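**Student:** Below is one structure. I have some questions about it.
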Amino acid sequence: MRRKRFTALVLAAAVFCMTAMSGCAQGQGDKEAKKEITVAINSETGTLDPAGSIALTYLAYSVSALDELLTYDENGEIEYRAAESYEVNEDSALWTFHLREDALWSDGTPVTAADFLNTIRRALDPASGSGYAVYLFPIKNAEAIYNGEMSMDSLGVETPDDHTLIFRLEEPCVYFLDLLRLPVYTPSCEKYADSVDSGWDKNPQTSLSNGPFALEEYVPDQYFVLKKNEAYWNKDAVKLDRITYRFFDDTQAMAAAYETGEVDVATSLPSTVMELYRGKDDLLVTDQIATRYIYFNLNVKPFDDVRVREAFNLAIDREELCRIVGADTEPSYNLVAKYMTDKNTGERFVDGADQPFEENVERARELLAEAGYPNGEGFPALTYKYPTLEMDSDTAQVIKEQLKKNLNIDIELKAQELQANYSSRYAGDFDLCRMNWTADFADPYTYLSMLLSNSTYNCSGIQDAEYDAIVEASGREQDPGVRSDLLHQAEQRAVGEQFYIIPLYAMKSVNLVSPEITGLRQVPASGALEYRYADIG
């Protein structure tokens, strides 16, 4: 099964090794009789354990290998997966889920309620390093357990039988169903998934799957392979036999690998690919429900001064930044993703309120002078840490030049491997740090919750009781319109008054996909491509 390629001049030096539909890199032989695809993804990061430190590798794996209780389809309708039904009481504080009795792990053993509880309990141990643990805090006593103030026996999760899972919440939570697609609410087999550092998650013998595909092979820093899960309850709808995910250090290498036929899908590519493949069936451009922004470390002077944070925000020309970084970017002045839809109105959420702030270089200079740094004099030497990805490197150079030009401030740049950048951020070891957040679920809370004082993703040292109160009130509010107003108030305080972050831009995802692949879907919450029901032909 051969593909016709459009050979771009900038990739002409790539070695042509086109053979079959799937990549030739792993030497897996003739695949004409099998339906297999190879997907290029960014460098290996994080664990495959849903209770552990989650990054890009897990997100690529889980979308095909794990079934959550339920999710939402592109029309906003519930799609049941591991669960077949649920009930909730009137105040949205007691949720009961009934699991499929025909759901099996990839080794043929039953998926039980205890497997869901296993992930939750392990994620509530801070030693697991789960940034998503904060999304378990709506459960009764979960936050106290995480903080070591109560025992695990007090957790508000019950498993009265193998196929019933009950959640008792601290208070009403109207977005609870949205949370269920998060890693900490997905199951991990109680028999093998014991800790985040035992290695069970990357061992095909112990890394069991309850989704359409299961782990067949994992080669660190090179690739991992998923094979069709013959024990899957909906296996007849699964058409592919195998998916191979190959790791690449940069997006240019990913594009070159697609050009030579080593991979069949390459995602999040440079904007230049849009011009090279314009009018070709290979090109697929989608909205990313994501925001690229910068974290201040509020524990580092002078970023404890809101005037300095505001000055930095007002001094950056985002239109110029996007012109330089690429045509796949669009200026953003919000934390909430620019392309996220407000369920209440059907319009973009960010369009439901005034822009949090406007750029103004003169005002930025005044604020810096008021903070004690007229014309940048006496401003300390601070460092901006960012991943070695091309887009982030270009962004860093522009930010450095604009801050020098507009505020006479010099910042040092430090590029890091992606995993090292994650580690620095989680450890609070930064002055300024690049952040990118792709929505985990289709609600602004996925963004605003990250700045809560008790959030496991709050790496900046933010402690803002007023902000916390507004966000928490939004979780209890049953009226959709009132709730949207509260969420807008929270974002205005965080981004337009306290300037806790520097929003930069929203992004399109530039992807190359073999025209022979059919049945691709997008995850509505994030915009990511989903291969679980893809086909060839």
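Ligands are numbered from 1 in the order shown, residues from 1 within each chain, and chains are lettered A, B, ... in the order they appear in the structure tokens.
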Give me the residues near Leu512 in chain A as a ChimeraX atom specification, where near means some atom within 8 Å (using only C-alpha atoms) and where sequence neighbours in that chain fewer than 5 positions away do not count.
**Tutor:** /A:255,258,264-267,282-284
**Student:** Quick one: residues within 8 Å of range 291-301 of chain A, only C-alpha atoms counted, chain neighbours fewer than 6 positions away excluded, as a PyMOL selection string?
**Tutor:** chain A and resi 309+332+335-338+428+430-438+459-462+500-507
**Student:** Would you pick out the contacts of Ser128 in chain A at 7 Å or less, using only C-alpha atoms, so that residues sharing its chain but fewer than 2 positions from it are not included, and give the list as a list in words?
**Tutor:**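 In the requested format, the answer is Ala51, Gly52, Arg122, Ala123, Asp125, Pro126, Ser130 and Val196 of chain A.
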**Student:** Keeping only C-alpha atoms, write the selected residues to a file as a PDB file, in the first residue's frame.
**Tutor:**
ATOM      1  CA  ALA A  51      -1.658   8.388  38.818  1.00  0.00           C
ATOM      2  CA  GLY A  52       1.823   9.720  38.033  1.00  0.00           C
ATOM      3  CA  ARG A 122      -2.333   6.359  44.399  1.00  0.00           C
ATOM      4  CA  ALA A 123      -2.777   9.835  42.884  1.00  0.00           C
ATOM      5  CA  ASP A 125      -0.241  10.225  47.568  1.00  0.00           C
ATOM      6  CA  PRO A 126       1.931  13.307  46.893  1.00  0.00           C
ATOM      7  CA  SER A 130       0.388  13.752  39.948  1.00  0.00           C
ATOM      8  CA  VAL A 196       4.723   5.205  39.871  1.00  0.00           C
TER       9      VAL A 196
END
**Student:** Would you list the contacts of range 55-68 of chain A as a list in words, taking every protein, DNA or RNA residue within 7 Å and counting only C-alpha atoms, but skipping same-chain residues closer than 6 positions in sequence?
**Tutor:**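 In the requested format, the answer is Glu44, Thr45, Gly46, Thr47, Leu48, Arg81, Ala82, Leu180, Arg181, Thr186, Ser209, Asn210, Gly211, Pro212, Phe213, Ala214, Glu530, Tyr531 and Arg532 of chain A.
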**Student:** Identify all residues of range 49-251 of chain A in alpha helix (DSSP H) (DSSP on the backbone) and supply them as a ChimeraX atom specification.
**Tutor:** /A:56-65,113-123,142-146,176-179,251
**Student:** Which is closest to Phe247 in chain A among A:Val39, A:Cys173, A:Ile517, A:Cys322, if we use only C-alpha atoms?
**Tutor:**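 Between A:Val39, A:Cys173, A:Ile517, A:Cys322, the residue approaching Phe247 in chain A most closely is A:Val39.
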**Student:** Kindly indicate which residue among A:Leu368, A:Leu487, A:Leu124, A:Leu104 lies nearest to Phe303 in chain A, using only C-alpha atoms for the distances.
**Tutor:**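 The answer is A:Leu368, which sits nearest to Phe303 in chain A.
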**Student:** Apply DSSP to the backbone of this structure and, from range 45-283 of chain A, keep only the residues in strand (DSSP E); write these as a PyMOL selection string.
**Tutor:** chain A and resi 70-72+78-80+83-88+94-99+157-161+164-168+213-219+223-228+242-248+265-266+283
**Student:** Could you take the residues named above and write them with C-alpha atoms, as a compact mmCIF listing (two decimals), in the first residue's frame?
**Tutor:**
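Result file is out08.txt:
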# COMPACT_ATOMS: atom_id res chain seq x y z
CA LEU A 70 -17.63 8.43 29.92
CA THR A 71 -16.81 11.39 27.74
CA TYR A 72 -18.51 13.88 25.41
CA ILE A 78 -22.42 11.70 26.40
CA GLU A 79 -20.44 8.79 24.98
CA TYR A 80 -20.37 5.93 27.48
CA ALA A 83 -19.53 2.98 32.35
CA GLU A 84 -22.91 2.16 30.84
CA SER A 85 -25.03 4.52 32.97
CA TYR A 86 -24.96 6.87 35.95
CA GLU A 87 -27.22 8.66 38.43
CA VAL A 88 -26.76 11.91 40.30
CA LEU A 94 -23.62 12.18 44.97
CA TRP A 95 -22.70 10.42 41.71
CA THR A 96 -23.19 6.69 41.05
CA PHE A 97 -21.68 4.97 38.01
CA HIS A 98 -22.51 1.50 36.76
CA LEU A 99 -19.63 -0.18 34.95
CA VAL A 157 -15.41 6.85 47.06
CA GLU A 158 -17.32 3.61 47.51
CA THR A 159 -17.19 0.33 45.59
CA PRO A 160 -20.17 -1.68 46.92
CA ASP A 161 -19.60 -4.29 44.20
CA THR A 164 -20.61 0.09 40.98
CA LEU A 165 -18.54 3.20 41.70
CA ILE A 166 -19.94 5.91 43.98
CA PHE A 167 -18.49 9.39 44.51
CA ARG A 168 -19.52 11.51 47.52
CA PHE A 213 -5.42 -0.82 21.99
CA ALA A 214 -2.86 -2.28 24.39
CA LEU A 215 0.88 -1.79 24.86
CA GLU A 216 2.91 -4.28 22.81
CA GLU A 217 6.41 -2.78 23.02
CA TYR A 218 8.11 0.21 24.63
CA VAL A 219 11.63 1.28 23.63
CA TYR A 223 9.07 4.44 20.06
CA PHE A 224 6.22 2.48 21.58
CA VAL A 225 3.74 0.18 19.88
CA LEU A 226 0.06 -0.38 20.58
CA LYS A 227 -1.72 -3.46 19.24
CA LYS A 228 -5.45 -4.03 18.90
CA ARG A 242 -1.37 -1.62 15.32
CA ILE A 243 -0.30 1.97 16.04
CA THR A 244 3.38 2.84 16.43
CA TYR A 245 4.30 6.15 18.08
CA ARG A 246 7.80 7.38 17.24
CA PHE A 247 9.59 10.00 19.33
CA PHE A 248 11.24 12.97 17.60
CA VAL A 265 0.83 11.09 10.77
CA ALA A 266 2.85 14.05 12.06
CA LEU A 283 -2.63 18.84 5.17
**Student:** Please identify all polymer residues within 9 Å of Ala490 in chain A, counting only C-alpha atoms, omitting same-chain residues fewer than 6 positions from it, and present them as JSON, numbers by chain.
**Tutor:** {"A": [448, 466, 467, 468, 469, 470, 471]}
**Student:** Counting only C-alpha atoms, which residue out of A:Ala442, A:Val325, A:Leu117, A:Val263 sits closest to Arg348 in chain A?
**Tutor:**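 Looking only at the distances to Arg348 in chain A, the closest residue turns out to be A:Ala442.
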